[in-house]
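> work-v8.pdb (PDB, C-alpha atoms) pasted underneath:
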ATOM      1  CA  MET E   1      60.868  10.064  14.554
ATOM      2  CA  PRO E   2      57.593  10.780  16.393
ATOM      3  CA  PHE E   3      57.277  10.213  20.117
ATOM      4  CA  VAL E   4      55.992   6.724  21.013
ATOM      5  CA  LYS E   5      54.398   6.261  24.394
ATOM      6  CA  VAL E   6      55.653   3.185  26.282
ATOM      7  CA  LEU E   7      52.617   1.378  27.662
ATOM      8  CA  LYS E   8      54.496  -1.403  29.421
ATOM      9  CA  THR E   9      57.277   0.045  31.542
ATOM     10  CA  LYS E  10      60.221  -1.581  33.246
ATOM     11  CA  GLN E  11      58.250  -1.818  36.483
ATOM     12  CA  TYR E  12      55.576  -3.823  34.655
ATOM     13  CA  PHE E  13      58.046  -6.435  33.439
ATOM     14  CA  LYS E  14      59.821  -6.618  36.810
ATOM     15  CA  ARG E  15      56.541  -7.501  38.508
ATOM     16  CA  TYR E  16      55.271  -9.804  35.738
ATOM     17  CA  GLN E  17      54.544 -13.347  36.889
ATOM     18  CA  VAL E  18      54.418 -16.208  34.404
ATOM     19  CA  ALA E  19      51.166 -18.201  34.456
ATOM     20  CA  TYR E  20      51.133 -21.896  35.336
ATOM     21  CA  LYS E  21      52.164 -24.248  32.571
ATOM     22  CA  ARG E  22      48.747 -25.918  32.212
ATOM     23  CA  ARG E  23      47.134 -22.476  32.060
ATOM     24  CA  ARG E  24      49.492 -21.430  29.258
ATOM     25  CA  GLU E  25      48.643 -24.650  27.410
ATOM     26  CA  GLY E  26      44.912 -24.041  27.908
ATOM     27  CA  LYS E  27      44.385 -27.337  29.736
ATOM     28  CA  THR E  28      43.337 -26.246  33.241
ATOM     29  CA  ASP E  29      40.924 -23.608  34.436
ATOM     30  CA  TYR E  30      42.575 -22.757  37.762
ATOM     31  CA  ARG E  31      39.769 -20.412  38.796
ATOM     32  CA  ALA E  32      37.315 -23.325  38.664
ATOM     33  CA  ARG E  33      39.825 -25.829  40.068
ATOM     34  CA  ARG E  34      40.456 -23.656  43.134
ATOM     35  CA  ARG E  35      36.760 -23.698  44.018
ATOM     36  CA  LEU E  36      36.513 -27.439  43.449
ATOM     37  CA  ILE E  37      39.417 -28.545  45.665
ATOM     38  CA  ILE E  38      39.546 -26.041  48.560
ATOM     39  CA  GLN E  39      37.922 -27.555  51.635
ATOM     40  CA  ASP E  40      36.327 -25.678  54.534
ATOM     41  CA  GLY E  41      38.695 -25.073  57.444
ATOM     42  CA  ASN E  42      36.409 -26.728  59.971
ATOM     43  CA  LYS E  43      36.486 -29.997  57.990
ATOM     44  CA  TYR E  44      40.245 -30.378  58.480
ATOM     45  CA  ALA E  45      41.757 -33.041  56.195
ATOM     46  CA  ALA E  46      38.476 -34.375  54.777
ATOM     47  CA  HIS E  47      38.830 -34.940  51.043
ATOM     48  CA  LYS E  48      36.747 -33.087  48.493
ATOM     49  CA  TYR E  49      35.968 -35.451  45.627
ATOM     50  CA  ARG E  50      35.498 -34.476  41.969
ATOM     51  CA  LEU E  51      33.675 -36.345  39.215
ATOM     52  CA  CYS E  52      35.948 -35.635  36.251
ATOM     53  CA  VAL E  53      34.523 -36.264  32.766
ATOM     54  CA  ARG E  54      36.680 -36.024  29.663
ATOM     55  CA  PHE E  55      36.156 -36.958  25.982
ATOM     56  CA  SER E  56      38.669 -38.140  23.408
ATOM     57  CA  ASN E  57      38.049 -38.745  19.714
ATOM     58  CA  ARG E  58      36.677 -42.228  20.458
ATOM     59  CA  TYR E  59      35.904 -42.725  24.149
ATOM     60  CA  VAL E  60      34.494 -41.207  27.348
ATOM     61  CA  TYR E  61      36.711 -41.132  30.447
ATOM     62  CA  THR E  62      35.338 -40.652  33.967
ATOM     63  CA  GLN E  63      37.235 -40.546  37.269
ATOM     64  CA  ILE E  64      36.654 -39.828  40.944
ATOM     65  CA  ILE E  65      39.614 -37.663  41.999
ATOM     66  CA  TYR E  66      40.669 -35.932  45.212
ATOM     67  CA  ALA E  67      43.492 -33.422  45.678
ATOM     68  CA  GLU E  68      46.410 -33.651  48.095
ATOM     69  CA  ILE E  69      49.540 -31.580  48.660
ATOM     70  CA  ASP E  70      51.692 -33.867  46.503
ATOM     71  CA  GLY E  71      49.145 -34.058  43.667
ATOM     72  CA  ASP E  72      45.769 -35.465  42.653
ATOM     73  CA  LYS E  73      44.859 -39.052  43.535
ATOM     74  CA  VAL E  74      42.359 -41.223  41.639
ATOM     75  CA  LEU E  75      39.905 -43.155  43.774
ATOM     76  CA  CYS E  76      38.037 -44.892  40.934
ATOM     77  CA  GLN E  77      37.833 -44.724  37.137
ATOM     78  CA  ALA E  78      35.769 -46.042  34.241
ATOM     79  CA  ASN E  79      35.820 -45.437  30.498
ATOM     80  CA  SER E  80      33.511 -46.275  27.623
ATOM     81  CA  ARG E  81      36.021 -48.750  26.184
ATOM     82  CA  GLU E  82      34.905 -51.133  28.938
ATOM     83  CA  LEU E  83      31.317 -51.021  27.656
ATOM     84  CA  LYS E  84      32.247 -53.524  24.946
ATOM     85  CA  ARG E  85      32.159 -56.363  27.463
ATOM     86  CA  TYR E  86      28.654 -55.259  28.495
ATOM     87  CA  GLY E  87      27.299 -55.528  24.961
ATOM     88  CA  LEU E  88      27.845 -51.982  23.640
ATOM     89  CA  SER E  89      30.313 -52.177  20.774
ATOM     90  CA  CYS E  90      29.348 -49.012  18.880
ATOM     91  CA  GLY E  91      28.831 -45.320  19.544
ATOM     92  CA  LEU E  92      31.243 -45.152  22.475
ATOM     93  CA  LYS E  93      31.358 -41.370  22.846
ATOM     94  CA  ASN E  94      27.773 -40.187  22.315
ATOM     95  CA  TYR E  95      25.323 -39.103  25.023
ATOM     96  CA  ALA E  96      24.028 -42.620  25.666
ATOM     97  CA  ALA E  97      27.577 -43.957  26.080
ATOM     98  CA  ALA E  98      28.395 -41.081  28.459
ATOM     99  CA  TYR E  99      25.373 -42.027  30.603
ATOM    100  CA  ALA E 100      26.390 -45.710  30.669
ATOM    101  CA  THR E 101      29.984 -44.798  31.588
ATOM    102  CA  GLY E 102      28.788 -42.573  34.449
ATOM    103  CA  LEU E 103      26.551 -45.404  35.671
ATOM    104  CA  LEU E 104      29.483 -47.834  35.545
ATOM    105  CA  LEU E 105      31.706 -45.452  37.510
ATOM    106  CA  ALA E 106      29.062 -44.906  40.198
ATOM    107  CA  ARG E 107      28.346 -48.600  40.744
ATOM    108  CA  ARG E 108      32.073 -49.451  40.763
ATOM    109  CA  CYS E 109      32.915 -46.666  43.220
ATOM    110  CA  LEU E 110      30.083 -47.546  45.613
ATOM    111  CA  THR E 111      31.036 -51.235  45.458
ATOM    112  CA  GLN E 112      34.598 -50.271  46.327
ATOM    113  CA  LEU E 113      33.373 -48.230  49.327
ATOM    114  CA  GLY E 114      30.808 -50.800  50.475
ATOM    115  CA  LEU E 115      27.809 -48.563  49.744
ATOM    116  CA  ASP E 116      26.452 -50.401  46.698
ATOM    117  CA  GLU E 117      23.583 -52.049  48.613
ATOM    118  CA  THR E 118      22.794 -48.952  50.694
ATOM    119  CA  TYR E 119      22.463 -46.625  47.700
ATOM    120  CA  THR E 120      21.259 -48.546  44.650
ATOM    121  CA  GLY E 121      20.248 -45.483  42.635
ATOM    122  CA  VAL E 122      17.549 -45.545  39.964
ATOM    123  CA  GLU E 123      16.974 -49.051  38.604
ATOM    124  CA  GLU E 124      15.462 -47.851  35.307
ATOM    125  CA  ALA E 125      16.410 -44.567  33.640
ATOM    126  CA  THR E 126      13.459 -42.177  33.455
ATOM    127  CA  GLY E 127      15.157 -38.789  33.187
ATOM    128  CA  GLU E 128      13.444 -37.553  36.355
ATOM    129  CA  ILE E 129      15.403 -35.457  38.863
ATOM    130  CA  VAL E 130      16.134 -37.457  42.005
ATOM    131  CA  LYS E 131      16.662 -35.530  45.263
ATOM    132  CA  THR E 132      15.707 -35.460  48.913
ATOM    133  CA  THR E 133      16.113 -32.906  51.699
ATOM    134  CA  GLU E 134      17.235 -33.360  55.297
ATOM    135  CA  ASN E 135      17.977 -30.597  57.831
ATOM    136  CA  GLY E 136      17.791 -27.990  55.095
ATOM    137  CA  ARG E 137      20.382 -29.714  52.882
ATOM    138  CA  LYS E 138      19.699 -31.283  49.486
ATOM    139  CA  TYR E 139      20.912 -34.768  48.627
ATOM    140  CA  PHE E 140      20.560 -36.035  45.076
ATOM    141  CA  VAL E 141      19.565 -39.589  46.013
ATOM    142  CA  GLU E 142      16.176 -41.262  46.459
ATOM    143  CA  GLU E 143      16.442 -42.061  50.175
ATOM    144  CA  LEU E 144      18.961 -41.345  52.920
ATOM    145  CA  ASP E 145      20.367 -44.066  55.108
ATOM    146  CA  GLU E 146      20.214 -43.436  58.861
ATOM    147  CA  GLU E 147      23.818 -44.466  59.472
ATOM    148  CA  LYS E 148      25.726 -43.639  56.279
ATOM    149  CA  LYS E 149      25.501 -40.496  54.178
ATOM    150  CA  PRO E 150      25.725 -40.801  50.359
ATOM    151  CA  PHE E 151      29.054 -40.375  48.617
ATOM    152  CA  ARG E 152      29.235 -36.798  47.312
ATOM    153  CA  ALA E 153      31.334 -35.677  44.335
ATOM    154  CA  LEU E 154      31.402 -32.371  42.452
ATOM    155  CA  LEU E 155      31.243 -32.324  38.653
ATOM    156  CA  ASP E 156      34.514 -31.276  36.993
ATOM    157  CA  VAL E 157      33.893 -30.505  33.304
ATOM    158  CA  GLY E 158      37.373 -29.206  32.503
ATOM    159  CA  ILE E 159      37.383 -26.518  29.811
ATOM    160  CA  VAL E 160      34.379 -27.593  27.729
ATOM    161  CA  ASN E 161      31.468 -25.242  27.072
ATOM    162  CA  THR E 162      28.619 -26.195  29.411
ATOM    163  CA  THR E 163      25.823 -25.720  26.892
ATOM    164  CA  THR E 164      22.401 -27.326  27.233
ATOM    165  CA  GLY E 165      22.599 -31.001  26.255
ATOM    166  CA  GLN E 166      26.396 -31.277  26.601
ATOM    167  CA  ARG E 167      27.589 -34.891  26.894
ATOM    168  CA  VAL E 168      29.293 -34.274  30.255
ATOM    169  CA  PHE E 169      25.808 -33.963  31.749
ATOM    170  CA  GLY E 170      25.003 -37.424  30.408
ATOM    171  CA  ALA E 171      27.841 -38.834  32.527
ATOM    172  CA  LEU E 172      26.561 -36.757  35.451
ATOM    173  CA  LYS E 173      23.050 -38.188  35.102
ATOM    174  CA  GLY E 174      24.441 -41.720  34.867
ATOM    175  CA  ALA E 175      26.467 -41.222  38.051
ATOM    176  CA  VAL E 176      23.441 -39.837  39.919
ATOM    177  CA  ASP E 177      21.215 -42.707  38.731
ATOM    178  CA  GLY E 178      23.995 -45.052  39.851
ATOM    179  CA  GLY E 179      23.775 -43.816  43.448
ATOM    180  CA  LEU E 180      26.310 -40.972  43.719
ATOM    181  CA  ASP E 181      25.337 -37.636  45.258
ATOM    182  CA  VAL E 182      26.359 -35.042  42.635
ATOM    183  CA  PRO E 183      24.814 -31.556  43.056
ATOM    184  CA  HIS E 184      23.259 -30.364  39.792
ATOM    185  CA  ASN E 185      20.472 -28.399  38.157
ATOM    186  CA  PRO E 186      18.207 -29.625  35.314
ATOM    187  CA  LYS E 187      18.697 -26.407  33.314
ATOM    188  CA  ARG E 188      21.542 -27.950  31.283
ATOM    189  CA  PHE E 189      19.922 -31.328  30.680
ATOM    190  CA  PRO E 190      18.407 -32.195  27.287
ATOM    191  CA  GLY E 191      14.700 -31.501  27.526
ATOM    192  CA  TYR E 192      14.906 -28.195  29.368
ATOM    193  CA  ASP E 193      13.016 -25.385  27.615
ATOM    194  CA  LYS E 194      14.557 -22.020  28.451
ATOM    195  CA  ASP E 195      11.602 -19.998  27.173
ATOM    196  CA  ARG E 196       8.974 -21.897  29.159
ATOM    197  CA  ARG E 197      11.386 -22.630  32.023
ATOM    198  CA  LYS E 198      10.222 -26.207  32.048
ATOM    199  CA  TYR E 199      12.096 -29.502  32.154
ATOM    200  CA  VAL E 200      10.671 -32.440  30.175
ATOM    201  CA  ALA E 201      12.065 -35.683  31.574
ATOM    202  CA  ASP E 202      10.842 -37.794  28.625
ATOM    203  CA  ASP E 203      13.043 -35.838  26.211
ATOM    204  CA  HIS E 204      16.027 -36.533  28.406
ATOM    205  CA  ARG E 205      15.119 -40.203  28.615
ATOM    206  CA  ASP E 206      15.013 -40.435  24.811
ATOM    207  CA  ARG E 207      18.518 -39.018  24.704
ATOM    208  CA  ILE E 208      19.763 -41.545  27.253
ATOM    209  CA  PHE E 209      18.460 -44.432  25.132
ATOM    210  CA  GLY E 210      19.790 -43.048  21.840
ATOM    211  CA  ALA E 211      16.522 -41.913  20.265
ATOM    212  CA  HIS E 212      18.386 -39.140  18.428
ATOM    213  CA  VAL E 213      20.644 -41.771  16.829
ATOM    214  CA  ALA E 214      17.617 -43.860  15.810
ATOM    215  CA  GLU E 215      15.961 -40.808  14.276
ATOM    216  CA  TYR E 216      19.005 -40.145  12.134
ATOM    217  CA  MET E 217      19.141 -43.814  11.187
ATOM    218  CA  GLU E 218      15.583 -43.669   9.886
ATOM    219  CA  THR E 219      16.414 -40.580   7.816
ATOM    220  CA  VAL E 220      19.419 -42.307   6.262
ATOM    221  CA  GLN E 221      17.419 -45.468   5.585
ATOM    222  CA  GLU E 222      14.767 -43.476   3.709
ATOM    223  CA  GLU E 223      17.414 -41.798   1.573
ATOM    224  CA  ASP E 224      19.123 -45.145   1.135
ATOM    225  CA  ASP E 225      15.990 -46.760  -0.279
ATOM    226  CA  GLU E 226      15.447 -43.910  -2.701
ATOM    227  CA  ALA E 227      19.021 -43.782  -3.936
ATOM    228  CA  GLN E 228      19.454 -47.583  -3.797
ATOM    229  CA  THR E 229      22.918 -47.300  -2.206
ATOM    230  CA  ASP E 230      24.636 -48.787   0.851
ATOM    231  CA  LYS E 231      24.956 -45.500   2.703
ATOM    232  CA  PHE E 232      23.375 -46.869   5.892
ATOM    233  CA  GLY E 233      25.804 -49.776   6.057
ATOM    234  CA  GLU E 234      28.747 -47.417   5.586
ATOM    235  CA  LEU E 235      27.625 -45.030   8.340
ATOM    236  CA  PHE E 236      26.372 -47.557  10.903
ATOM    237  CA  PRO E 237      28.255 -50.851  10.411
ATOM    238  CA  SER E 238      28.583 -51.544  14.158
ATOM    239  CA  TYR E 239      24.911 -50.814  14.850
ATOM    240  CA  LYS E 240      23.937 -53.062  11.947
ATOM    241  CA  GLU E 241      26.032 -55.930  13.320
ATOM    242  CA  ALA E 242      24.422 -55.462  16.747
ATOM    243  CA  SER E 243      20.945 -55.590  15.132
ATOM    244  CA  ALA E 244      20.122 -52.135  16.539
ATOM    245  CA  THR E 245      18.706 -50.101  13.672
ATOM    246  CA  THR E 246      15.434 -48.801  15.162
ATOM    247  CA  ALA E 247      14.479 -46.846  18.293
ATOM    248  CA  GLU E 248      12.999 -49.949  19.973
ATOM    249  CA  GLU E 249      16.069 -52.080  19.257
ATOM    250  CA  LEU E 250      18.408 -49.346  20.485
ATOM    251  CA  GLU E 251      16.445 -48.948  23.695
ATOM    252  CA  ASP E 252      16.545 -52.712  24.303
ATOM    253  CA  MET E 253      20.306 -52.733  23.694
ATOM    254  CA  TYR E 254      20.997 -49.876  26.147
ATOM    255  CA  THR E 255      18.611 -51.357  28.724
ATOM    256  CA  ALA E 256      20.530 -54.639  28.605
ATOM    257  CA  VAL E 257      23.819 -52.752  28.982
ATOM    258  CA  HIS E 258      22.544 -50.942  32.092
ATOM    259  CA  GLU E 259      21.376 -54.228  33.640
ATOM    260  CA  LYS E 260      24.728 -55.927  33.013
ATOM    261  CA  ILE E 261      26.593 -52.977  34.526
ATOM    262  CA  ARG E 262      24.549 -53.277  37.711
ATOM    263  CA  GLU E 263      25.167 -57.022  37.875
ATOM    264  CA  ASP E 264      28.962 -56.754  37.658
ATOM    265  CA  PRO E 265      30.560 -53.276  37.709
ATOM    266  CA  SER E 266      34.015 -54.586  38.626
ATOM    267  CA  GLY E 267      36.972 -53.741  36.427
ATOM    268  CA  THR E 268      39.216 -56.171  34.582
ATOM    269  CA  LYS E 269      42.944 -56.440  34.978
ATOM    270  CA  SER E 270      44.998 -55.342  32.001
ATOM    271  CA  GLU E 271      46.517 -58.154  29.932
ATOM    272  CA  PHE E 272      49.729 -56.170  29.455
ATOM    273  CA  GLU E 273      52.533 -57.295  31.777
ATOM    274  CA  VAL E 274      56.096 -56.030  32.042
ATOM    275  CA  THR E 275      58.658 -58.836  31.855
ATOM    276  CA  ASP E 276      61.835 -59.024  33.962
ATOM    277  CA  GLU E 277      63.945 -58.306  30.876
ATOM    278  CA  GLN E 278      61.981 -55.111  30.174
ATOM    279  CA  LYS E 279      62.376 -54.017  33.789
ATOM    280  CA  GLU E 280      66.158 -54.362  33.506
ATOM    281  CA  THR E 281      66.308 -52.733  30.069
ATOM    282  CA  TYR E 282      64.224 -49.687  30.953
ATOM    283  CA  LYS E 283      65.430 -49.333  34.537
ATOM    284  CA  LYS E 284      65.421 -45.713  35.654
ATOM    285  CA  GLN E 285      68.814 -44.345  36.587
ATOM    286  CA  VAL E 286      69.262 -43.623  40.286
ATOM    287  CA  LYS E 287      69.623 -39.923  41.042
ATOM    288  CA  LEU E 288      73.042 -39.106  42.523
ATOM    289  CA  THR E 289      73.526 -36.990  45.630
ATOM    290  CA  TYR E 290      75.511 -33.766  45.643
ATOM    291  CA  GLU E 291      78.536 -35.472  47.256
ATOM    292  CA  GLN E 292      78.514 -38.246  44.631
ATOM    293  CA  ARG E 293      78.326 -35.757  41.746
ATOM    294  CA  LYS E 294      81.153 -33.725  43.262
ATOM    295  CA  ALA E 295      83.318 -36.864  43.634
ATOM    296  CA  ASN E 296      82.642 -37.844  39.994
ATOM    297  CA  LEU E 297      83.670 -34.369  38.852
ATOM    298  CA  GLU E 298      86.948 -34.519  40.788
ATOM    299  CA  GLU E 299      87.682 -37.948  39.298
ATOM    300  CA  LYS E 300      86.977 -36.668  35.784
ATOM    301  CA  LYS E 301      89.262 -33.639  36.312
ATOM    302  CA  ALA E 302      92.080 -35.910  37.508
ATOM    303  CA  LEU E 303      91.726 -38.092  34.400
ATOM    304  CA  MET E 304      91.773 -35.053  32.124
ATOM    305  CA  GLU E 305      94.960 -33.723  33.755
ATOM    306  CA  SER E 306      96.665 -37.104  33.352
ATOM    307  CA  GLY E 307      95.528 -37.399  29.721
ATOM    308  CA  GLU E 308      93.606 -40.620  30.338
ATOM    309  CA  TYR E 309      90.098 -39.163  30.071
ATOM    310  CA  VAL E 310      87.957 -40.585  27.251
ATOM    311  CA  PRO E 311      84.577 -38.895  26.542
ATOM    312  CA  GLU E 312      81.502 -41.125  26.439
ATOM    313  CA  GLY E 313      80.918 -42.640  23.008
ATOM    314  CA  GLU E 314      84.534 -42.043  21.876
ATOM    315  CA  GLU E 315      87.050 -44.854  21.503
ATOM    316  CA  GLY E 316      90.805 -44.568  22.057
ATOM    317  CA  GLU E 317      92.766 -42.138  24.169
ATOM    318  CA  TRP E 318      93.093 -38.416  23.639
ATOM    319  CA  ASP E 319      96.657 -37.114  23.330
ATOM    320  CA  TYR E 320      96.512 -33.664  24.869
ATOM    321  CA  GLU E 321     100.311 -33.078  24.495
ATOM    322  CA  GLU E 322     100.218 -33.464  20.684
ATOM    323  CA  GLU E 323      97.273 -31.085  20.423
ATOM    324  CA  GLU E 324      99.122 -28.496  22.522
ATOM    325  CA  GLU E 325     102.275 -28.813  20.322
ATOM    326  CA  GLU E 326     100.259 -28.371  17.142
ATOM    327  CA  GLY E 327      98.653 -25.299  18.642
ATOM    328  CA  GLU E 328     102.046 -23.799  19.517
ATOM    329  CA  GLU E 329     103.423 -24.448  15.996
ATOM    330  CA  GLY E 330     100.411 -22.722  14.500
ATOM    331  CA  GLU E 331     100.966 -19.662  16.686
ATOM    332  CA  GLU E 332     104.692 -19.440  15.675
ATOM    333  CA  GLY E 333     103.732 -19.628  11.976
ATOM    334  CA  GLU E 334     101.336 -16.733  12.366
ATOM    335  CA  GLU E 335     104.002 -14.580  14.067
ATOM    336  CA  GLY E 336     106.509 -15.330  11.261
TER     337      GLY E 336
END
Using structure tokens, write down the structure that the file contains.


Amino acid sequence: MPFVKVLKTKQYFKRYQVAYKRRREGKTDYRARRRLIIQDGNKYAAHKYRLCVRFSNRYVYTQIIYAEIDGDKVLCQANSRELKRYGLSCGLKNYAAAYATGLLLARRCLTQLGLDETYTGVEEATGEIVKTTENGRKYFVEELDEEKKPFRALLDVGIVNTTTGQRVFGALKGAVDGGLDVPHNPKRFPGYDKDRRKYVADDHRDRIFGAHVAEYMETVQEEDDEAQTDKFGELFPSYKEASATTAEELEDMYTAVHEKIREDPSGTKSEFEVTDEQKETYKKQVKLTYEQRKANLEEKKALMESGEYVPEGEEGEWDYEEEEEEGEEGEEGEEG
């Protein structure tokens, strides 16, 4: 047999350290997380807030989160499922929905903190970059209040690829237009031309109001007329019910949604309630102390020695003497 060089020696395996569970599962980028949660030493216990944006197969989820020793805490949350009560019943995970969800989160968070009147944000979405400078520091708000600074949060995108036009930046833009101070750069917004190094705000505005959806609708409608089928109704039933089938109608729909969000960004209480019977049925078992577990073990040993012990789920008593006699008879038979 030829000689095989051992690349990973015993010393390698002795020093090997298993990665964190969420890293092994591919859920958390700890290199990015470390930079997002570590606070400067001279700021003591001041929290560092993160604007977390996540997407499921149907909805957009946004949260304002801060980290503590015993785990992350959620300050405020909003998801695109709530947009139904504001008049948006379709397309709840596209770029326009992400913008509306970010706007809802910002207005709700500022209302909760009492800053909703101080920092109103951008009343009408234009796609323009909003920022101001004071003492050499940039703030991504229109104007600074003399007494209260804006609420700052850092964008947490998770493990998604931050390509130009990604939907997470739609939620970011909505949060900034809602009055939050989220540091960002226009290079990843829709409308930024890498070759010319120029940002076109109108292109971004079209994306916010669903112009790309309207463009596709028009293409389908043209094909639908030619083929004389109901393809449009199959692809866009919710948009058809909402009477939003053109660019102008879509823009009016999203504009109304933004206005309603600003009027009342408060959340609604869940209709689900746990009854007293369910609380008793699914009551969590109290964890025993070491002394209690030791006492239970001694009691179980005493019952086993006396022959009165009955395992859980078994009925009747166990006769240990008969089992021992049968075992002895079997041994004598083997010797004979």

> Extract, using all atoms listed in the file, all DNA, RNA and protein residues at most 8 Å from range 175-178 of chain E, discarding same-chain residues fewer than 4 positions from it, and format them as a list of chain:residue names.

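Contacts, with the query itself left out: E:Tyr99, E:Gly102, E:Leu103, E:Leu104, E:Leu105, E:Ala106, E:Arg107, E:Thr120, E:Gly121, E:Val122, E:Glu123, E:Ala125, E:Val130, E:Phe140, E:Val141, E:Ala171, E:Val182.
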
> Taking the file above as input, evaluate the PyMOL selection byres ((chain E and resi 199-202) around 12) and report the hits as number ranges by chain.

E: 125-130, 164, 173, 185-198, 203-209, 211

> Please determine, counting only C-alpha atoms, which residue among E:Met253, E:Leu155, E:Gly87, E:Arg35 has the shortest atom-to-atom distance to Ile65 in chain E.

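Closest residue, counting only C-alpha atoms: E:Leu155.
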
> Tell me which protein, DNA and RNA residues are within 9 Å of range 18-26 of chain E, counting only C-alpha atoms, leaving out same-chain ones fewer than 3 positions away, and put them as a PyMOL selection string.

chain E and resi 29-30+159

> What is the distance, in Å and to one decimal place, between CA of Arg33 in chain E and CA of Leu115 in chain E?

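Between these atoms lies a distance of 27.5 Å.
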
> In Å, how far is it from CA of Ala247 in chain E to CA of Glu215 in chain E?

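Answer for the CA of Ala247 in chain E to CA of Glu215 in chain E separation: 7.4 Å.
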
> Give me the result of the PyMOL selection byres ((chain E and resi 60) around 6) on this file, residue by residue, as a compact mmCIF listing (two decimals) with C-alpha atoms, in the frame of the given file.


# COMPACT_ATOMS: atom_id res chain seq x y z
CA PHE E 55 36.16 -36.96 25.98
CA TYR E 59 35.90 -42.72 24.15
CA TYR E 61 36.71 -41.13 30.45
CA ASN E 79 35.82 -45.44 30.50
CA SER E 80 33.51 -46.28 27.62
CA LYS E 93 31.36 -41.37 22.85

> So that I can check the surroundings of Gly158 in chain E, please list as a PyMOL selection string every protein, DNA and RNA residue that reaches within 9 Å of it, counting only C-alpha atoms and ignoring chain neighbours fewer than 6 positions away.

chain E and resi 27-29+32-33+52-54

> Record the distance separating CA of Ala242 in chain E and CA of Arg81 in chain E, expressed in Å with one decimal.

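These two atoms are separated by 16.4 Å.
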
> Mind working out the centre and edge lengths of an axis-aligned box for range 133-150 of chain E, all listed atoms inside, 4 Å added to each side, rounded to one decimal in Å and written as AutoDock Vina command-line options?


--center_x 20.9 --center_y -36.2 --center_z 52.3 --size_x 17.6 --size_y 24.5 --size_z 22.4

> Can you translate the PyMOL selection byres ((chain E and resi 40-51) around 8) into the concrete residues it hits in this file, as a list in words?

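Output of the PyMOL selection byres ((chain E and resi 40-51) around 8): Leu36, Ile37, Ile38, Gln39, Cys52, Val53, Thr62, Gln63, Ile64, Ile65, Tyr66, Ala67, Arg152, Ala153, Leu154, Leu155 and Asp156 of chain E.
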
> Take the residues that were just selected and, keeping C-alpha atoms, output them as a compact mmCIF listing (two decimals), keeping the file's coordinate frame.


# COMPACT_ATOMS: atom_id res chain seq x y z
CA LEU E 36 36.51 -27.44 43.45
CA ILE E 37 39.42 -28.54 45.66
CA ILE E 38 39.55 -26.04 48.56
CA GLN E 39 37.92 -27.56 51.64
CA CYS E 52 35.95 -35.64 36.25
CA VAL E 53 34.52 -36.26 32.77
CA THR E 62 35.34 -40.65 33.97
CA GLN E 63 37.24 -40.55 37.27
CA ILE E 64 36.65 -39.83 40.94
CA ILE E 65 39.61 -37.66 42.00
CA TYR E 66 40.67 -35.93 45.21
CA ALA E 67 43.49 -33.42 45.68
CA ARG E 152 29.24 -36.80 47.31
CA ALA E 153 31.33 -35.68 44.34
CA LEU E 154 31.40 -32.37 42.45
CA LEU E 155 31.24 -32.32 38.65
CA ASP E 156 34.51 -31.28 36.99

> Find, counting all atoms listed in the file, the residue in E:His184, E:Lys287, E:Arg262, E:Lys138 that gets nearest to Val168 in chain E.

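With all atoms listed in the file as the atom set, the closest residue is E:His184.
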
> Within 12 Å of range 291-302 of chain E, counting all atoms listed in the file, which residues qualify if same-chain residues fewer than 6 places away don't, as a list in words?

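Returned residues: Glu308, Tyr309, Val310, Pro311 and Glu312 of chain E.
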
> Reconstruct range 187-196 of chain E at the level of N, CA and C atoms, and format the result as a compact mmCIF listing (two decimals), in the frame of the given file.


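Result file follows (out-v5.txt):
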# COMPACT_ATOMS: atom_id res chain seq x y z
N LYS E 187 18.72 -27.41 34.37
CA LYS E 187 18.70 -26.41 33.31
C LYS E 187 19.63 -26.73 32.15
N ARG E 188 20.61 -27.58 32.36
CA ARG E 188 21.54 -27.95 31.28
C ARG E 188 21.29 -29.35 30.73
N PHE E 189 20.26 -30.01 31.20
CA PHE E 189 19.92 -31.33 30.68
C PHE E 189 19.16 -31.19 29.37
N PRO E 190 19.28 -32.18 28.47
CA PRO E 190 18.41 -32.20 27.29
C PRO E 190 16.95 -32.29 27.74
N GLY E 191 16.10 -31.50 27.13
CA GLY E 191 14.70 -31.50 27.53
C GLY E 191 14.29 -30.27 28.30
N TYR E 192 15.26 -29.42 28.65
CA TYR E 192 14.91 -28.20 29.37
C TYR E 192 14.62 -27.09 28.36
N ASP E 193 13.44 -26.48 28.49
CA ASP E 193 13.02 -25.38 27.62
C ASP E 193 13.26 -24.06 28.34
N LYS E 194 14.18 -23.28 27.80
CA LYS E 194 14.56 -22.02 28.45
C LYS E 194 13.42 -21.01 28.41
N ASP E 195 12.68 -20.98 27.31
CA ASP E 195 11.60 -20.00 27.17
C ASP E 195 10.46 -20.28 28.16
N ARG E 196 10.06 -21.53 28.24
CA ARG E 196 8.97 -21.90 29.16
C ARG E 196 9.45 -22.20 30.58
